[in-house]
Number of protein chains: 2
Amino acid sequence: MAVALTILTEPRDPGARRTLDLAPGTSILRAAQAGGVDITATCGGRGRCTSCRVKFVAGAVPPPTIMDEVQLGPDLVREGYRLSCQCVPCDPVTVQVAPPLEELSFQILGGGPGPNALSRVALDSGIQKQLVKVALPREEHHQTSDLEQLCAAVGLTPADVGTSVLQGLPAALRDDPDGVTVTTFAAGGAAGRDRVLAVERGDTAGMKFGLAVDIGTTSVVTTLLALDSGEQLGSVSSLNPQAVFGGDLMSRIAFAQFNPANLRKLHTRIVGLLNQHVEQVCRESGVLAKWIYKVVVVGNTCMHHILLGIDPSHVGLAPYAPVMRHPLVLPARELFLKVAPEARVCLLPIVAGFVGADAVAVALATRIYESAEVRVAVDIGTNGEVLLGSRDRLWACSAPAGPALEGGQIRHGMRGALGAIDRVEIADDIRVHTIGESPALGICGSGLVDLLAVLLDAGVIDWTGLIQLEARETFPPKLRARVEMRGEERLVVVLRPGEAGARQEIVLTQDDVRQVQLAKGAIASGVAMLQHVAGVPDAGVTELMLAGGFGNYISIASALRIGLIPPLSKDRIRYVGNAASLGAQMCLLSEAERGRAAEVAARIEHVSLATHPDFERIFVEAMNFPGAS
Amino acid sequence: MAVALTILTEPRDPGARRTLDLAPGTSILRAAQAGGVDITATCGGRGRCTSCRVKFVAGAVPPPTIMDEVQLGPDLVREGYRLSCQCVPCDPVTVQVAPPLEELSFQILGGGPGPNALSRVALDSGIQKQLVKVALPREEHHQTSDLEQLCAAVGLTPADVGTSVLQGLPAALRDDPDGVTVTTFAAGGAAGRDRVLAVERGDTAGMKFGLAVDIGTTSVVTTLLALDSGEQLGSVSSLNPQAVFGGDLMSRIAFAQFNPANLRKLHTRIVGLLNQHVEQVCRESGVLAKWIYKVVVVGNTCMHHILLGIDPSHVGLAPYAPVMRHPLVLPARELFLKVAPEARVCLLPIVAGFVGADAVAVALATRIYESAEVRVAVDIGTNGEVLLGSRDRLWACSAPAGPALEGGQIRHGMRGALGAIDRVEIADDIRVHTIGESPALGICGSGLVDLLAVLLDAGVIDWTGLIQLEARETFPPKLRARVEMRGEERLVVVLRPGEAGARQEIVLTQDDVRQVQLAKGAIASGVAMLQHVAGVPDAGVTELMLAGGFGNYISIASALRIGLIPPLSKDRIRYVGNAASLGAQMCLLSEAERGRAAEVAARIEHVSLATHPDFERIFVEAMNFPGAS
């Protein structure tokens, strides 16, 4: 017998609730997902994180599982918290989703300033619009058609015209005495003839727009550009709605493997989000969606495959081969994208299973491929990438940091939204800054990096990452009072209720420190491995470029302190904005750049970390913190 | 205030009913169509026929309109019949749809025997299947992908592979140690490179099928062929479900013009029917739909445009220009056709607004284009076509006979289903034969042609078509009793209740005779005009070929007697089966034939009847009947 499961979806609005049937043996998480209620499950519902925790509000609280005890600790368990992925109630219950899911308007860098690469791009989007007068068929014995008359006017053949153009053609040709505006696309290079994308009544030749889309594991950024000026007219960022099915790539691939309907769910979610982005960016800018004729999409291999509805299962299994790598151009209607139906959707090429089109876009935007000296580009994200090289050779590897640096899998972690602790200082005590100077709700990635850096400096954490409970007598009194053993867990109380407006305690646990160590270890070992393979010592790196939504908010000093990046002098480290999105924008505005993407992708040498004999040693080293500076 | 409208949809099952809301001012027909209840409206709801008649079963019967009185006559009006297109009730009512709509299994010629053209076609469908072993990516440092490995095995490039092939590629490549079967399509002529349509696990190289589809205004015929043997494995015929929105092309175009949602309705109906055909023909033959890799579609210009979702409005307005004419090849997924997603759907080229791809297919199947002597091909149908010529020159015109010869717009007309009178003889009295020798229900086209022929011979109708009421004293007594004036209408009682099992009287009215005259006049004047334009007297016509579903059932003697076809000796007249479908089958089996279709279409000279100065004279002559032979 199914029992009733009531979920309070909004902590601040007790009226927001959904009641679902819970079949026997079904977890709360699975029932919620099946019923369309979003509960974040960063680890993919494997009991490995706390993101899916719920609080029991009514009904019998089931006994805690081992995972509840390990992940949530005795206090939360006592307060009625459980992991919804592990919890299988037998009686009707009411639960509250925690943490709040409304953190949708957080800081992700849009195109941003960065190296201002776009201003150096020649405007050559391939999209042309021209006003033409078409001689209509006039006599019955003239054996011709609307399409043939149109083709005669623009010098193309019927086979060059997209089929959905035909549907409205007779009306368009007859509606306006001024003529019709014909939109064509000329792919760069030797990719063939022009293609007619749209025929519109009257003169709309000035209306020519495009989208650059960066689909990250955690965040999706869509930018609207005017194709004839390069001007950025709007940008929208959102959480990737697939995140409720798993926070990192491997969880999401596991979800897709589970059954084919899941792949469809992931695919539908991302297409739905892109259409929301189109609607929003069009509404805010006053541009009509039908005037968007070109879309350039970048993303890692898994996001790329899911967007195309391709099974990514084997991307997650050795040897991690992608299903396809070549650049693809397809009409928007095939993806059900609500822009001009024949708009060209261009997917940039892929290098390898875990070095995707986003890495190619970063290479383009940073112009690392034409650098005379060796440079490094680090794209920090849930599934980050590292590039190292120059115009001579170029290497890349993946740096699967996981979601910790975006606040995921951290006890009081959160994204960079209002109320997130984003800066931390220490003297005799911890002092925090929150985004918007709002009451503190949790810690975001840049706050975590700062926090670890100052705790290292203060000796609260040693080089192995252990919280120094035994040495706390040597700390200043106020700091000393924050370091404690609670149950079997070492932790630092960052804020007590009331401090910085916090309504509840905010702590950093020993496990949180380990999560950050894993994340920074992934990135640092990626850089170190590429240096090792390429034989480039730190002194040989002319510049290190920090890219990605997160990379632009961290303190460089703190990043150096915790060893997230190699020990270069600060003047050799530069923020370059959301370089993946920037690369997509360059390909949107310039077919020459899009052509270059294929050349650059072919030049990048993929370094597979896991199979390299020296990797384990390097990774273990990279997990540790550097000695005090 | 809306009132309740209850419709009994099945005369033989009073339980089959639907209740709909009828908004004020809405006709029963419109409310039924909006609610998804099919009522046939042959004239498009203009009160010009009786096909949409309903019988009031409960509720107040509204007073008859002029159209009710003209079309239905006083008897039916008194019995509570009304035209649903004209009837706007104000109170709740229950009506019975009449006639029954279940006449779905009537005689349409499938491929049929005809000239056996198919056996003369070289098998060259363009579809190839081969079993290949693909070397999977094995090492992480190999920068490759599933697709690149596949392409290496078959000697093609990633751009040659359809996008929906990618979705299941990784599973297919890993599922079977025997390898995968790769299906490719090589378009005939210089149409470019091979294209990969499917990749399937294991060896399925023997499974290679295709469909030939003939979309007529009234009937749709789908034929399944084995591409490697040419064997016909199954055939399905149905009424075109668009017929409920108008029986002839002009009514259907008017319906599409009314609003864009109507075009979508027409489009959805035909795609839905084709998918039903796919399902049925696959079920009956045991072929899997995913093994259907090529589909060839023929139809008149309007049907062709609607299938593609193209607005046909302007095909119905002078100068009747089509929107496009070139042969088109598109993937099945674009039409949402449930065969292999990348199957190639090939639409044959069009000649003019009213000389469509079906006429081109008739030219191909009859090989009239290579004839040394002048031949004529007449495709009899609601929207028929006439072709005349030889290998030197070839002319074509449309012959819009309307639905009368298929039983439409005839008081007791019906399609060639069980119980239809299909043969008529006369001596001292009328003697009929019915299809299946079932109790007589009505008259179908071949019965009508026979009936008019014998009534002409007996002098009951004169050469102008007038029923000879005044001369009936000269007829044999039994026949005399059948000719009467009822109200203001001349009619011939073909059967009285009880005769030939008829449960009700079956009559031929003066108006019925006029409808047949219009139909046969359209066809005869088409032939006459082409002879006139080409300067070919009757003696110059070596052969006349009767094509089309209906053309194969009429008696040649009767057709000659009423002047449906020119007065040639019988041995110069031949039935050629459903030549349009046959032509589609030839193009399905042979890319050479499909290439020839484009050449033949380009050679056909369209003769526009309406604008020709001699047409009116010829048409008026063709309306009359020839003198007694």
# chains A, B, ... in the order shown; residues from 1 in each chain; ligands from 1

$ select_by_dssp --residues "region 348-564 of chain A" --states "alpha helix (DSSP H)" --output "ChimeraX atom specification"
/A:357-366,445-457,477-480,510-534,556-562

$ write_last_selection --atoms "C-alpha atoms" --output "PDB file, in the first residue's frame"
ATOM      1  CA  ALA A 357      34.087  21.801 -26.160  1.00  0.00           C
ATOM      2  CA  ASP A 358      34.351  24.121 -23.171  1.00  0.00           C
ATOM      3  CA  ALA A 359      38.093  23.519 -22.962  1.00  0.00           C
ATOM      4  CA  VAL A 360      38.382  24.282 -26.676  1.00  0.00           C
ATOM      5  CA  ALA A 361      36.487  27.526 -26.071  1.00  0.00           C
ATOM      6  CA  VAL A 362      38.839  28.446 -23.220  1.00  0.00           C
ATOM      7  CA  ALA A 363      41.809  27.854 -25.519  1.00  0.00           C
ATOM      8  CA  LEU A 364      40.229  30.127 -28.131  1.00  0.00           C
ATOM      9  CA  ALA A 365      39.352  32.919 -25.702  1.00  0.00           C
ATOM     10  CA  THR A 366      42.722  32.937 -23.951  1.00  0.00           C
ATOM     11  CA  GLY A 445      33.590  28.599  -2.452  1.00  0.00           C
ATOM     12  CA  SER A 446      35.643  31.792  -2.166  1.00  0.00           C
ATOM     13  CA  GLY A 447      34.826  31.915   1.566  1.00  0.00           C
ATOM     14  CA  LEU A 448      36.000  28.338   1.958  1.00  0.00           C
ATOM     15  CA  VAL A 449      39.311  29.052   0.222  1.00  0.00           C
ATOM     16  CA  ASP A 450      39.816  32.135   2.407  1.00  0.00           C
ATOM     17  CA  LEU A 451      38.808  30.237   5.536  1.00  0.00           C
ATOM     18  CA  LEU A 452      41.260  27.444   4.914  1.00  0.00           C
ATOM     19  CA  ALA A 453      44.021  29.923   4.077  1.00  0.00           C
ATOM     20  CA  VAL A 454      43.597  31.862   7.337  1.00  0.00           C
ATOM     21  CA  LEU A 455      43.206  28.698   9.409  1.00  0.00           C
ATOM     22  CA  LEU A 456      46.465  27.438   7.891  1.00  0.00           C
ATOM     23  CA  ASP A 457      48.177  30.718   8.716  1.00  0.00           C
ATOM     24  CA  PRO A 477      41.433  32.708  23.350  1.00  0.00           C
ATOM     25  CA  LYS A 478      38.574  33.679  21.028  1.00  0.00           C
ATOM     26  CA  LEU A 479      39.865  31.454  18.269  1.00  0.00           C
ATOM     27  CA  ARG A 480      40.604  28.666  20.731  1.00  0.00           C
ATOM     28  CA  GLN A 510      37.117  17.976   9.405  1.00  0.00           C
ATOM     29  CA  ASP A 511      35.271  16.327   6.527  1.00  0.00           C
ATOM     30  CA  ASP A 512      34.648  19.719   4.904  1.00  0.00           C
ATOM     31  CA  VAL A 513      38.406  20.312   4.979  1.00  0.00           C
ATOM     32  CA  ARG A 514      38.921  16.925   3.303  1.00  0.00           C
ATOM     33  CA  GLN A 515      36.407  17.803   0.567  1.00  0.00           C
ATOM     34  CA  VAL A 516      38.242  21.040  -0.205  1.00  0.00           C
ATOM     35  CA  GLN A 517      41.531  19.150  -0.193  1.00  0.00           C
ATOM     36  CA  LEU A 518      40.128  16.690  -2.761  1.00  0.00           C
ATOM     37  CA  ALA A 519      38.905  19.558  -4.929  1.00  0.00           C
ATOM     38  CA  LYS A 520      42.039  21.633  -4.809  1.00  0.00           C
ATOM     39  CA  GLY A 521      44.111  18.492  -5.117  1.00  0.00           C
ATOM     40  CA  ALA A 522      42.360  17.675  -8.386  1.00  0.00           C
ATOM     41  CA  ILE A 523      43.129  21.078  -9.835  1.00  0.00           C
ATOM     42  CA  ALA A 524      46.643  21.393  -8.487  1.00  0.00           C
ATOM     43  CA  SER A 525      47.577  17.868  -9.584  1.00  0.00           C
ATOM     44  CA  GLY A 526      46.158  18.611 -13.025  1.00  0.00           C
ATOM     45  CA  VAL A 527      48.449  21.608 -13.375  1.00  0.00           C
ATOM     46  CA  ALA A 528      51.374  19.686 -11.902  1.00  0.00           C
ATOM     47  CA  MET A 529      50.837  16.727 -14.242  1.00  0.00           C
ATOM     48  CA  LEU A 530      50.766  18.913 -17.322  1.00  0.00           C
ATOM     49  CA  GLN A 531      53.945  20.649 -16.150  1.00  0.00           C
ATOM     50  CA  HIS A 532      55.466  17.237 -15.565  1.00  0.00           C
ATOM     51  CA  VAL A 533      54.463  15.853 -18.954  1.00  0.00           C
ATOM     52  CA  ALA A 534      55.535  19.009 -20.763  1.00  0.00           C
ATOM     53  CA  ILE A 556      44.563  34.817  -5.495  1.00  0.00           C
ATOM     54  CA  ALA A 557      46.510  35.086  -2.252  1.00  0.00           C
ATOM     55  CA  SER A 558      44.275  32.491  -0.602  1.00  0.00           C
ATOM     56  CA  ALA A 559      44.391  30.227  -3.642  1.00  0.00           C
ATOM     57  CA  LEU A 560      48.169  30.352  -3.497  1.00  0.00           C
ATOM     58  CA  ARG A 561      48.143  29.779   0.268  1.00  0.00           C
ATOM     59  CA  ILE A 562      46.151  26.574   0.057  1.00  0.00           C
TER      60      ILE A 562
END

$ atom_distance --atom1 "CA of Pro567 (chain A)" --atom2 "CA of Leu405 (chain A)"
19.7 Å

$ atom_distance --atom1 "CA of Gly45 (chain B)" --atom2 "CA of Val298 (chain B)"
27.4 Å

$ residues_around --residues "Gln257 (chain A)" --least-positions-apart "4" --cutoff "9 Å" --atoms "only C-alpha atoms" --output "PyMOL selection string"
chain A and resi 252-253+262-263+311-313

$ closest_residue --among "B:Ile565, B:Val271, B:Leu123, B:Ala321" --to "chain A" --atoms "only C-alpha atoms"
B:Ala321

$ residues_around --residues "Arg193 (chain B)" --least-positions-apart "6" --cutoff "12 Å" --atoms "only C-alpha atoms" --output "VMD selection string"
chain B and resid 126 155 to 161 184 to 187

$ write_last_selection --atoms "C-alpha atoms" --output "PDB file, in the first residue's frame"
ATOM      1  CA  GLY B 126      20.192   3.203 -52.960  1.00  0.00           C
ATOM      2  CA  GLY B 155      35.063   4.732 -45.205  1.00  0.00           C
ATOM      3  CA  LEU B 156      32.873   7.746 -44.515  1.00  0.00           C
ATOM      4  CA  THR B 157      33.212  10.941 -42.471  1.00  0.00           C
ATOM      5  CA  PRO B 158      31.318  12.032 -39.322  1.00  0.00           C
ATOM      6  CA  ALA B 159      29.365  14.600 -41.331  1.00  0.00           C
ATOM      7  CA  ASP B 160      27.858  11.725 -43.375  1.00  0.00           C
ATOM      8  CA  VAL B 161      26.135  10.264 -40.320  1.00  0.00           C
ATOM      9  CA  THR B 184      23.650   3.690 -45.926  1.00  0.00           C
ATOM     10  CA  PHE B 185      21.795   5.531 -48.654  1.00  0.00           C
ATOM     11  CA  ALA B 186      23.432   6.487 -51.917  1.00  0.00           C
ATOM     12  CA  ALA B 187      21.191   8.909 -53.767  1.00  0.00           C
TER      13      ALA B 187
END

$ residues_around --residues "region 342-347 of chain B" --least-positions-apart "6" --cutoff "6 Å" --atoms "only C-alpha atoms" --output "list in words"
Leu197, Tyr293, Lys294, Val295, Val296, Val297, Pro327, Leu328, Val329, Leu330, Pro331 and Ala332 of chain B

$ closest_residue --among "A:Ala212, A:Ala352, A:Val378, A:Ile292" --to "chain B" --atoms "only C-alpha atoms"
A:Ala352

$ closest_residue --among "B:Arg415, B:Arg325, B:Arg333, B:Arg46" --to "Ser251 (chain B)" --atoms "only C-alpha atoms"
B:Arg46

$ residues_around --residues "region 223-231 of chain B" --least-positions-apart "2" --cutoff "8 Å" --atoms "only C-alpha atoms" --output "list in words"
Gly110, Gly111, Leu118, Leu123, Ser125, Ile127, Lys208, Phe209, Gly210, Leu211, Ala212, Val213, Val221, Leu233, Gly234, Ser235, Val236, Val281, Gln585, Leu588 and Leu589 of chain B

$ write_last_selection --atoms "N, CA and C atoms" --output "compact mmCIF listing (two decimals), in the first residue's frame"
# COMPACT_ATOMS: atom_id res chain seq x y z
N GLY B 110 -4.86 -1.35 -54.84
CA GLY B 110 -3.50 -1.20 -54.32
C GLY B 110 -2.59 -1.16 -55.52
N GLY B 111 -1.39 -1.68 -55.38
CA GLY B 111 -0.46 -1.69 -56.51
C GLY B 111 -1.11 -2.32 -57.73
N LEU B 118 6.82 -2.86 -62.56
CA LEU B 118 7.84 -3.09 -61.54
C LEU B 118 8.82 -4.16 -61.92
N LEU B 123 16.74 -3.32 -59.69
CA LEU B 123 16.73 -3.06 -58.25
C LEU B 123 17.95 -2.23 -57.86
N SER B 125 17.78 0.55 -55.08
CA SER B 125 17.06 1.45 -54.18
C SER B 125 17.96 2.48 -53.53
N ILE B 127 19.67 1.91 -50.97
CA ILE B 127 19.86 1.47 -49.58
C ILE B 127 20.80 0.27 -49.54
N LYS B 208 15.63 -5.06 -45.18
CA LYS B 208 15.77 -3.83 -45.95
C LYS B 208 14.45 -3.56 -46.65
N PHE B 209 13.66 -2.63 -46.12
CA PHE B 209 12.31 -2.45 -46.64
C PHE B 209 12.04 -0.98 -46.95
N GLY B 210 10.99 -0.78 -47.71
CA GLY B 210 10.62 0.58 -48.08
C GLY B 210 9.12 0.70 -48.29
N LEU B 211 8.64 1.94 -48.29
CA LEU B 211 7.22 2.20 -48.48
C LEU B 211 7.00 3.09 -49.69
N ALA B 212 5.97 2.76 -50.46
CA ALA B 212 5.49 3.67 -51.51
C ALA B 212 4.14 4.19 -51.05
N VAL B 213 3.98 5.50 -51.03
CA VAL B 213 2.76 6.10 -50.49
C VAL B 213 2.13 6.99 -51.56
N VAL B 221 -2.99 5.20 -50.24
CA VAL B 221 -2.54 3.81 -50.40
C VAL B 221 -1.07 3.71 -50.02
N LEU B 233 5.07 -6.84 -49.98
CA LEU B 233 4.79 -7.59 -48.76
C LEU B 233 3.47 -7.21 -48.12
N GLY B 234 2.90 -6.11 -48.56
CA GLY B 234 1.64 -5.71 -47.96
C GLY B 234 1.21 -4.38 -48.51
N SER B 235 -0.09 -4.09 -48.36
CA SER B 235 -0.60 -2.83 -48.86
C SER B 235 -1.82 -2.46 -48.02
N VAL B 236 -1.95 -1.19 -47.69
CA VAL B 236 -3.08 -0.71 -46.91
C VAL B 236 -3.70 0.47 -47.64
N VAL B 281 0.79 -2.25 -41.70
CA VAL B 281 1.50 -3.02 -42.72
C VAL B 281 2.67 -3.78 -42.07
N GLN B 585 6.34 3.12 -56.37
CA GLN B 585 7.06 1.88 -56.08
C GLN B 585 8.31 1.75 -56.94
N LEU B 588 10.89 3.82 -55.48
CA LEU B 588 11.36 3.22 -54.24
C LEU B 588 12.44 2.19 -54.52
N LEU B 589 12.19 1.38 -55.57
CA LEU B 589 13.12 0.29 -55.87
C LEU B 589 14.31 0.74 -56.69

$ residues_around --residues "Asp176 (chain A)" --least-positions-apart "2" --cutoff "10 Å" --atoms "only C-alpha atoms" --output "NGL selection string"
:A and (133 or 171-174 or 178-180 or 200-203)

$ closest_residue --among "B:Arg411, B:Arg486, B:His141, B:Arg472" --to "chain A" --atoms "only C-alpha atoms"
B:His141

$ select_by_dssp --residues "region 557-619 of chain A" --states "strand (DSSP E)" --output "list in words"
Ile573, Arg574, Tyr575, Glu605 and His606 of chain A

$ atom_distance --atom1 "CA of Pro170 (chain A)" --atom2 "CA of His314 (chain B)"
6.9 Å
